[in-house]
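S.K.: Below is a structure I'd like to ask you about.
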Amino acid sequence: MKEFTYVITDPEGIHARPAGELVKAAKEYASTIKIVKDGKSGDCKKIFGIMGLGVKNGNEVTITVEGEDEEAAFEGIMKFMQENL
Amino acid sequence: MEVFNGKSVFGGIAIGKIYIYQKGEQQVRRIRVDDTAQEKSRYRAASGEAMKQLQVLYEKALQEVGEENAAVFEVHQMMLEDDDFVESVENIIDTQEVNAEYAVAVTGDNFAQMFAAMDDDYMRGRAADVKDISERLITVLSGSAAGGIQSDEPVIVLADDLAPSETVQMDKDKVLSFVTVHGSLNSHTAILARTMGIPALVQTGISLDEALDGKMAVVDGTKGCIYVEPDKDYLAQMQAQKNKDEEQKELLQTLKGRENVTIDGQKVMLYANIGNMKDLGAVLQNDAGGIGLFRSEFIYLESEDFPTEEEQFAIYKKVAETMAGKRVIIRTLDIGADKKCDYFEMEHEENPALGCRAIRICLTRLEIFKTQLRALLRASAFGNIAIMYPMITSLKEVHKIKEIMAEVKAELTAQGISYGNPPEGIMIETPAAVIISEQLAKEVDFFSIGTNDLTQYTLAIDRQNSKLDDFYDSHHPAILEMIRMVTENAHKAGIWAGICGELGADLTLTRDFLAMGVDELSVSPGRILPVRKIVLETDVAEYRKEKGMEN
């Protein structure tokens with residue numbers, strides 16, 4: 001398993017649209033990808049799971065990836081977060 | 001005439017008949033089923049059909065309101081396909097042996113509840129999206145048609161609430177305005193209405209009485225109210241206002257994207273004044289070339305305590321980034337006189353307009369000034385920021401500012417924090433600054449004339465005292481001569497001069513300013529295009545001849 005933490009810099013936080021983009025990005029990998037905020041965790045392949053965390057600008061989230069393509073998923077999701085959130 | 005107040009989503013006026021929009025609302029009944037496998041496959045088929053409908057809506061919205069707003073339907077598709085949602089529906093069908101409609105309704109309610117309980121207005125608004133998809137599914141399952149508008153003429157649509165898909169499905173040529181009883185300012189419907197530029201209200205205290213159907217009404221999107229059966233005078237008044245708005249809109253269309261250049265080729269920069277982040281949308285909409293006056297004091301006035309460097313940095317950075325390379329002139333703190341902030345704990349003054357205000361506060365309370373300068377310098381690395389200092393009266397002040405600026409830059413360098421080197425200008429708003437403008441021009445990068453204070457200090461008339469209105473002449477020859485003189489002195493030193501006071505937007509003076517060679521006019525966003533219109537129609541050389549000015 002690999003993980004990284006990231007502080008959201010998008011002023012709107014993870015709104016519906018970026019949550020949708022994140023789902024799209026996560027679905028490209030076979031690995032299980034989770035997003036954790038304040039101990040609550042959501043599945044990055046499920047839009048309700050992500051939106052349910054109510055992630056706002058300035059919040060720190062942890063992304064964990066686990067699975068056969070976790071190297072690629074780690075890089076891919078990190079890049080997605082930096083570019084979009 | 002009856003008036004109902006609501007919250008305005010988008011300004012403008014609509015006049016027409018009311019059309020009561022009733023949802024094809026579904027009464028969902030709980031029915032026991034024996035063959036749950038069959039029921040689940042009915043659900044999956046309906047889900048597939050709903051996905052197809054959403055794809056059609058997405059493409060329709062893409063054409064009508066652009067990708068940004070169409071994305072809501074992609075999000076709906078993801079919600080529809082979300083594993084948790086699907087599992088919940090199938091689980092209810094299996095364990096409770098019930099019909100798919102009921103399972104979808106319960107699941108939809110539960111997920112909507114999750115959003116409704118969140119501590120964020122935006123997320124609470126998403127409950128409507130969940131309801132929209134569950135209603136769509138139920139409609140497909142029960143085979144009934146979605147409601148549309150059955151009317152020959154364009155109407156004011158009055159509804160309890162509108163789901164985004166309902167809004168997009170409506171024939172836009174038939175909709176004059178949206179008025180809802182519920183709904184939030186953050187709903188996608190509200191966003192769509194804004195994008196389509198249709199006057200719209202939410203949370204109006206109006207009841208969906210069938211008797212209202214077909215009645216004449218006026219929606220005033222700016223005031224946020226709807227008038228049912230307006231009287232004649234009022235109707236005529238609103239019609240006139242509407243015509244005026246439409247003229248302005250047309251102007252917008254024809255003048256957008258045009259360069260601000262006179263018939264004989266003189267260019268002028270047309271910038272916007274803003275006093276709030278909310279104004280940014282209007283700045284872009286009205287095609288401003290930049291921001292000529294960003295009143296940074298709003299950050300202090302809206303705060304309970306001194307705003308931190310980080311808070312300020314985030315705001316300045318956002319403005320600079322939003323303006324994407326266009327110039328953003330940020331005026332340092334201009335507090336004092338009529339703009340007061342409790343936590344500054346200023347001493348009582350007999351005559352605050354002539355008291356400790358603006359740059360005088362900054363130069364006496366260095367920690368406040370330095371915090372703002374640090375934030376401004378750091379944000380300058382992210383866009384085209386310029387800094388402007390208010391209420392300058394002497395060269396000494398300018399020298400002092402330079403010293404402080406050098407210290408702040410040295411501190412940032414020592415700390416290894418990156419920053420930009422923004423141009424620095426001053427406001428010319430005291431008679432003293434006008435008189436020594438030749439010397440001042442050699443010290444700074446630009447001038448911006450603040451005509452409001454300049455007029456008050458030159459004519460010795462308190463702006464707040466309405467009894468003096470008869471003595472107040474905003475076109476006083478002394479003021480116009482001062483503007484001419486400041487512009488001339490700026491040009492002699494090779495810098496530019498602009499006007500950011502109210503006079504800059506005075507259309508009766510635009511030609512005179514052009515004739516004086518004023519380089520920039522910074523006005524409220526809504527005034528940019530009217531000023532541009534005059535610029536485009538002016539032949540400066542001709543006008544100077546007419547006025548007997550030398551060439």
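Scheme for the structure tokens: letters A, B, ... for chains in order shown; per-chain residue numbers from 1; ligand numbers from 1 in order shown.
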Restrict the calculation to only C-alpha atoms, then for each residue of chain B with any atom at most 8 Å from an atom of chain A give the closest atom pair and their distance in Å to one decimal, rows by chain and rising residue number, as a tab-separated table.
M.R.:
```
residue	atom	partner	partner_atom	distance
B:Ala71	CA	A:Arg17	CA	6.5
B:Val72	CA	A:Arg17	CA	7.0
B:Glu74	CA	A:Gly20	CA	7.7
B:Val75	CA	A:Gly20	CA	5.7
B:Met78	CA	A:Ile47	CA	6.6
B:Met79	CA	A:Ile47	CA	6.3
B:Asp82	CA	A:Lys46	CA	5.5
B:Asp83	CA	A:Lys46	CA	6.5
B:Asp84	CA	A:Lys46	CA	7.3
B:Met114	CA	A:Gly52	CA	7.2
B:Phe115	CA	A:Gly52	CA	7.1
B:Met118	CA	A:Gly54	CA	7.3
B:Asp120	CA	A:Gly54	CA	7.7
B:Met123	CA	A:Gly54	CA	7.0
```
S.K.: Among chain A, which residues does DSSP mark as alpha helix (DSSP H) when it is run on the backbone? Keep the chain and numbering as in the structure and answer as number ranges by chain.
M.R.: A: 16-26, 47-51, 70-84
S.K.: With N, CA and C atoms retained, write the just-selected residues as a short mmCIF file (atom, residue, chain, number, x, y, z; two decimals), in the first residue's frame.
M.R.:
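Written out: result-v6.cif:
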```
data_model
loop_
_atom_site.label_atom_id
_atom_site.label_comp_id
_atom_site.auth_asym_id
_atom_site.auth_seq_id
_atom_site.Cartn_x
_atom_site.Cartn_y
_atom_site.Cartn_z
N ALA A 16 -18.98 18.94 -6.85
CA ALA A 16 -19.51 17.82 -7.65
C ALA A 16 -18.64 17.54 -8.87
N ARG A 17 -18.30 18.60 -9.58
CA ARG A 17 -17.59 18.39 -10.83
C ARG A 17 -16.19 17.77 -10.63
N PRO A 18 -15.35 18.40 -9.76
CA PRO A 18 -14.05 17.75 -9.52
C PRO A 18 -14.19 16.35 -8.92
N ALA A 19 -15.22 16.13 -8.12
CA ALA A 19 -15.43 14.79 -7.57
C ALA A 19 -15.65 13.81 -8.72
N GLY A 20 -16.43 14.24 -9.71
CA GLY A 20 -16.68 13.41 -10.88
C GLY A 20 -15.40 13.13 -11.65
N GLU A 21 -14.55 14.17 -11.77
CA GLU A 21 -13.29 14.00 -12.47
C GLU A 21 -12.39 13.00 -11.72
N LEU A 22 -12.44 13.12 -10.39
CA LEU A 22 -11.61 12.22 -9.59
C LEU A 22 -12.06 10.77 -9.77
N VAL A 23 -13.37 10.57 -9.84
CA VAL A 23 -13.90 9.22 -10.06
C VAL A 23 -13.37 8.69 -11.39
N LYS A 24 -13.46 9.55 -12.42
CA LYS A 24 -12.97 9.13 -13.74
C LYS A 24 -11.50 8.73 -13.68
N ALA A 25 -10.71 9.57 -12.99
CA ALA A 25 -9.27 9.31 -12.91
C ALA A 25 -9.02 7.99 -12.15
N ALA A 26 -9.75 7.79 -11.05
CA ALA A 26 -9.51 6.60 -10.21
C ALA A 26 -9.91 5.32 -10.93
N ILE A 47 -18.73 8.44 -6.49
CA ILE A 47 -18.91 9.89 -6.35
C ILE A 47 -19.56 10.26 -5.01
N PHE A 48 -20.49 9.45 -4.53
CA PHE A 48 -21.14 9.77 -3.25
C PHE A 48 -20.13 9.66 -2.11
N GLY A 49 -19.22 8.68 -2.25
CA GLY A 49 -18.21 8.48 -1.21
C GLY A 49 -17.31 9.69 -1.07
N ILE A 50 -16.96 10.28 -2.20
CA ILE A 50 -16.07 11.45 -2.17
C ILE A 50 -16.83 12.68 -1.69
N MET A 51 -18.01 12.91 -2.29
CA MET A 51 -18.76 14.12 -1.94
C MET A 51 -19.22 14.10 -0.49
N GLU A 70 -0.51 -0.25 -8.09
CA GLU A 70 -0.50 0.86 -7.14
C GLU A 70 0.58 1.92 -7.44
N GLU A 71 1.69 1.51 -8.04
CA GLU A 71 2.73 2.50 -8.41
C GLU A 71 2.14 3.53 -9.37
N ALA A 72 1.55 3.01 -10.44
CA ALA A 72 0.99 3.90 -11.47
C ALA A 72 -0.16 4.71 -10.90
N ALA A 73 -1.00 4.08 -10.08
CA ALA A 73 -2.15 4.78 -9.51
C ALA A 73 -1.69 5.90 -8.59
N PHE A 74 -0.65 5.60 -7.80
CA PHE A 74 -0.09 6.60 -6.88
C PHE A 74 0.34 7.84 -7.66
N GLU A 75 1.13 7.61 -8.72
CA GLU A 75 1.62 8.72 -9.54
C GLU A 75 0.46 9.45 -10.20
N GLY A 76 -0.46 8.67 -10.77
CA GLY A 76 -1.57 9.24 -11.54
C GLY A 76 -2.48 10.10 -10.68
N ILE A 77 -2.84 9.59 -9.52
CA ILE A 77 -3.77 10.34 -8.66
C ILE A 77 -3.09 11.57 -8.05
N MET A 78 -1.82 11.41 -7.71
CA MET A 78 -1.07 12.55 -7.18
C MET A 78 -1.06 13.68 -8.22
N LYS A 79 -0.78 13.30 -9.47
CA LYS A 79 -0.72 14.29 -10.54
C LYS A 79 -2.10 14.94 -10.72
N PHE A 80 -3.15 14.10 -10.66
CA PHE A 80 -4.51 14.62 -10.80
C PHE A 80 -4.80 15.65 -9.70
N MET A 81 -4.47 15.32 -8.46
CA MET A 81 -4.75 16.21 -7.34
C MET A 81 -4.02 17.54 -7.52
N GLN A 82 -2.73 17.45 -7.89
CA GLN A 82 -1.95 18.68 -8.03
C GLN A 82 -2.49 19.56 -9.15
N GLU A 83 -2.95 18.95 -10.21
CA GLU A 83 -3.40 19.75 -11.34
C GLU A 83 -4.82 20.28 -11.18
N ASN A 84 -5.65 19.54 -10.44
CA ASN A 84 -7.07 19.90 -10.40
C ASN A 84 -7.60 20.38 -9.07
#
```
S.K.: Write out as a PyMOL selection string each polymer residue whose atoms come within 10 Å of Phe446 in chain B, counting only C-alpha atoms; drop sequence neighbours fewer than 3 positions from it.
M.R.: chain B and resi 386-388+423-427+440-443+490-491+493-498
S.K.: Could the residues in this selection be written to a file with N, CA and C atoms, as a PDB file, in the first residue's frame?
M.R.:
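Below is the file that was written, selection24.pdb:
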```pdb
ATOM      1  N   ALA B 386      -0.192  45.694  -9.705  1.00  0.00           N
ATOM      2  CA  ALA B 386       0.475  46.972  -9.455  1.00  0.00           C
ATOM      3  C   ALA B 386      -0.038  47.475  -8.109  1.00  0.00           C
ATOM      4  N   ILE B 387       0.802  48.213  -7.392  1.00  0.00           N
ATOM      5  CA  ILE B 387       0.386  48.706  -6.076  1.00  0.00           C
ATOM      6  C   ILE B 387       0.185  50.217  -6.149  1.00  0.00           C
ATOM      7  N   MET B 388      -0.858  50.684  -5.484  1.00  0.00           N
ATOM      8  CA  MET B 388      -1.159  52.115  -5.513  1.00  0.00           C
ATOM      9  C   MET B 388      -1.362  52.619  -4.083  1.00  0.00           C
ATOM     10  N   PRO B 423       4.848  47.289 -10.379  1.00  0.00           N
ATOM     11  CA  PRO B 423       4.954  48.741 -10.516  1.00  0.00           C
ATOM     12  C   PRO B 423       4.239  49.409  -9.337  1.00  0.00           C
ATOM     13  N   GLU B 424       4.710  50.611  -8.960  1.00  0.00           N
ATOM     14  CA  GLU B 424       4.079  51.316  -7.845  1.00  0.00           C
ATOM     15  C   GLU B 424       3.637  52.703  -8.278  1.00  0.00           C
ATOM     16  N   GLY B 425       2.398  53.022  -7.965  1.00  0.00           N
ATOM     17  CA  GLY B 425       1.880  54.335  -8.326  1.00  0.00           C
ATOM     18  C   GLY B 425       1.214  54.986  -7.132  1.00  0.00           C
ATOM     19  N   ILE B 426       0.787  56.208  -7.320  1.00  0.00           N
ATOM     20  CA  ILE B 426       0.098  56.893  -6.221  1.00  0.00           C
ATOM     21  C   ILE B 426      -1.225  57.474  -6.696  1.00  0.00           C
ATOM     22  N   MET B 427      -2.100  57.681  -5.711  1.00  0.00           N
ATOM     23  CA  MET B 427      -3.344  58.371  -6.012  1.00  0.00           C
ATOM     24  C   MET B 427      -3.069  59.857  -5.887  1.00  0.00           C
ATOM     25  N   LEU B 440       6.596  64.492  -8.101  1.00  0.00           N
ATOM     26  CA  LEU B 440       6.113  63.148  -7.747  1.00  0.00           C
ATOM     27  C   LEU B 440       6.238  62.182  -8.931  1.00  0.00           C
ATOM     28  N   ALA B 441       5.998  62.714 -10.128  1.00  0.00           N
ATOM     29  CA  ALA B 441       6.004  61.869 -11.327  1.00  0.00           C
ATOM     30  C   ALA B 441       7.365  61.205 -11.542  1.00  0.00           C
ATOM     31  N   LYS B 442       8.412  61.868 -11.056  1.00  0.00           N
ATOM     32  CA  LYS B 442       9.756  61.315 -11.248  1.00  0.00           C
ATOM     33  C   LYS B 442      10.019  60.153 -10.299  1.00  0.00           C
ATOM     34  N   GLU B 443       9.169  59.996  -9.296  1.00  0.00           N
ATOM     35  CA  GLU B 443       9.408  59.011  -8.239  1.00  0.00           C
ATOM     36  C   GLU B 443       8.572  57.740  -8.379  1.00  0.00           C
ATOM     37  N   ALA B 490       2.637  64.028 -15.700  1.00  0.00           N
ATOM     38  CA  ALA B 490       2.917  62.588 -15.793  1.00  0.00           C
ATOM     39  C   ALA B 490       3.634  62.306 -17.108  1.00  0.00           C
ATOM     40  N   HIS B 491       3.087  62.838 -18.184  1.00  0.00           N
ATOM     41  CA  HIS B 491       3.664  62.575 -19.510  1.00  0.00           C
ATOM     42  C   HIS B 491       5.093  63.120 -19.629  1.00  0.00           C
ATOM     43  N   ALA B 493       7.265  63.164 -17.415  1.00  0.00           N
ATOM     44  CA  ALA B 493       8.183  62.230 -16.753  1.00  0.00           C
ATOM     45  C   ALA B 493       8.108  60.835 -17.381  1.00  0.00           C
ATOM     46  N   GLY B 494       7.292  60.699 -18.416  1.00  0.00           N
ATOM     47  CA  GLY B 494       7.203  59.406 -19.110  1.00  0.00           C
ATOM     48  C   GLY B 494       6.375  58.366 -18.396  1.00  0.00           C
ATOM     49  N   ILE B 495       5.461  58.786 -17.521  1.00  0.00           N
ATOM     50  CA  ILE B 495       4.574  57.813 -16.872  1.00  0.00           C
ATOM     51  C   ILE B 495       3.136  58.079 -17.315  1.00  0.00           C
ATOM     52  N   TRP B 496       2.229  57.152 -16.996  1.00  0.00           N
ATOM     53  CA  TRP B 496       0.849  57.354 -17.400  1.00  0.00           C
ATOM     54  C   TRP B 496      -0.012  57.895 -16.255  1.00  0.00           C
ATOM     55  N   ALA B 497      -1.127  58.517 -16.621  1.00  0.00           N
ATOM     56  CA  ALA B 497      -2.041  59.049 -15.619  1.00  0.00           C
ATOM     57  C   ALA B 497      -3.471  58.632 -15.947  1.00  0.00           C
ATOM     58  N   GLY B 498      -4.189  58.242 -14.924  1.00  0.00           N
ATOM     59  CA  GLY B 498      -5.586  57.836 -15.112  1.00  0.00           C
ATOM     60  C   GLY B 498      -6.495  58.489 -14.089  1.00  0.00           C
TER      61      GLY B 498
END
```
S.K.: Which distance in Å separates CA of Val33 in chain B and CA of Ile93 in chain B, to one decimal?
M.R.: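 CA of Val33 in chain B sits 8.5 Å away from CA of Ile93 in chain B.
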S.K.: Using only C-alpha atoms, which protein or nucleic acid residues come within 10 Å of Thr371 in chain B? Drop anything in the same chain fewer than 6 positions from it, and give the result as a CSV table (one decimal) with N, CA and C atoms, in the first residue's frame.
M.R.:
```
chain,number,residue,atom,x,y,z
B,306,PHE,N,-7.4,42.1,12.4
B,306,PHE,CA,-6.5,42.3,11.3
B,306,PHE,C,-6.4,41.1,10.4
B,307,PRO,N,-6.6,41.2,9.1
B,307,PRO,CA,-6.5,40.1,8.3
B,307,PRO,C,-5.0,39.7,8.2
B,308,THR,N,-4.7,38.4,8.2
B,308,THR,CA,-3.3,37.9,8.2
B,308,THR,C,-2.7,38.0,6.8
B,309,GLU,N,-1.4,37.9,6.8
B,309,GLU,CA,-0.7,37.9,5.5
B,309,GLU,C,-1.2,36.8,4.6
B,310,GLU,N,-1.5,35.6,5.1
B,310,GLU,CA,-1.9,34.5,4.3
B,310,GLU,C,-3.3,34.8,3.7
B,312,GLN,N,-4.7,37.7,3.1
B,312,GLN,CA,-4.6,38.7,2.1
B,312,GLN,C,-4.0,38.1,0.8
B,313,PHE,N,-2.9,37.4,1.0
B,313,PHE,CA,-2.2,36.8,-0.1
B,313,PHE,C,-3.1,35.9,-1.0
B,408,VAL,N,10.9,45.4,3.3
B,408,VAL,CA,10.0,44.2,3.1
B,408,VAL,C,10.6,43.3,2.1
```
S.K.: So which bits of chain A end up strand (DSSP E) when you DSSP the backbone, as a ChimeraX atom specification?
M.R.: /A:2-7,32-37,40-43,60-66
S.K.: CA of Asn489 in chain B and CA of Thr538 in chain B are how many Å apart?
M.R.: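 If I compute the distance from CA of Asn489 in chain B to CA of Thr538 in chain B, I get 24.2 Å.
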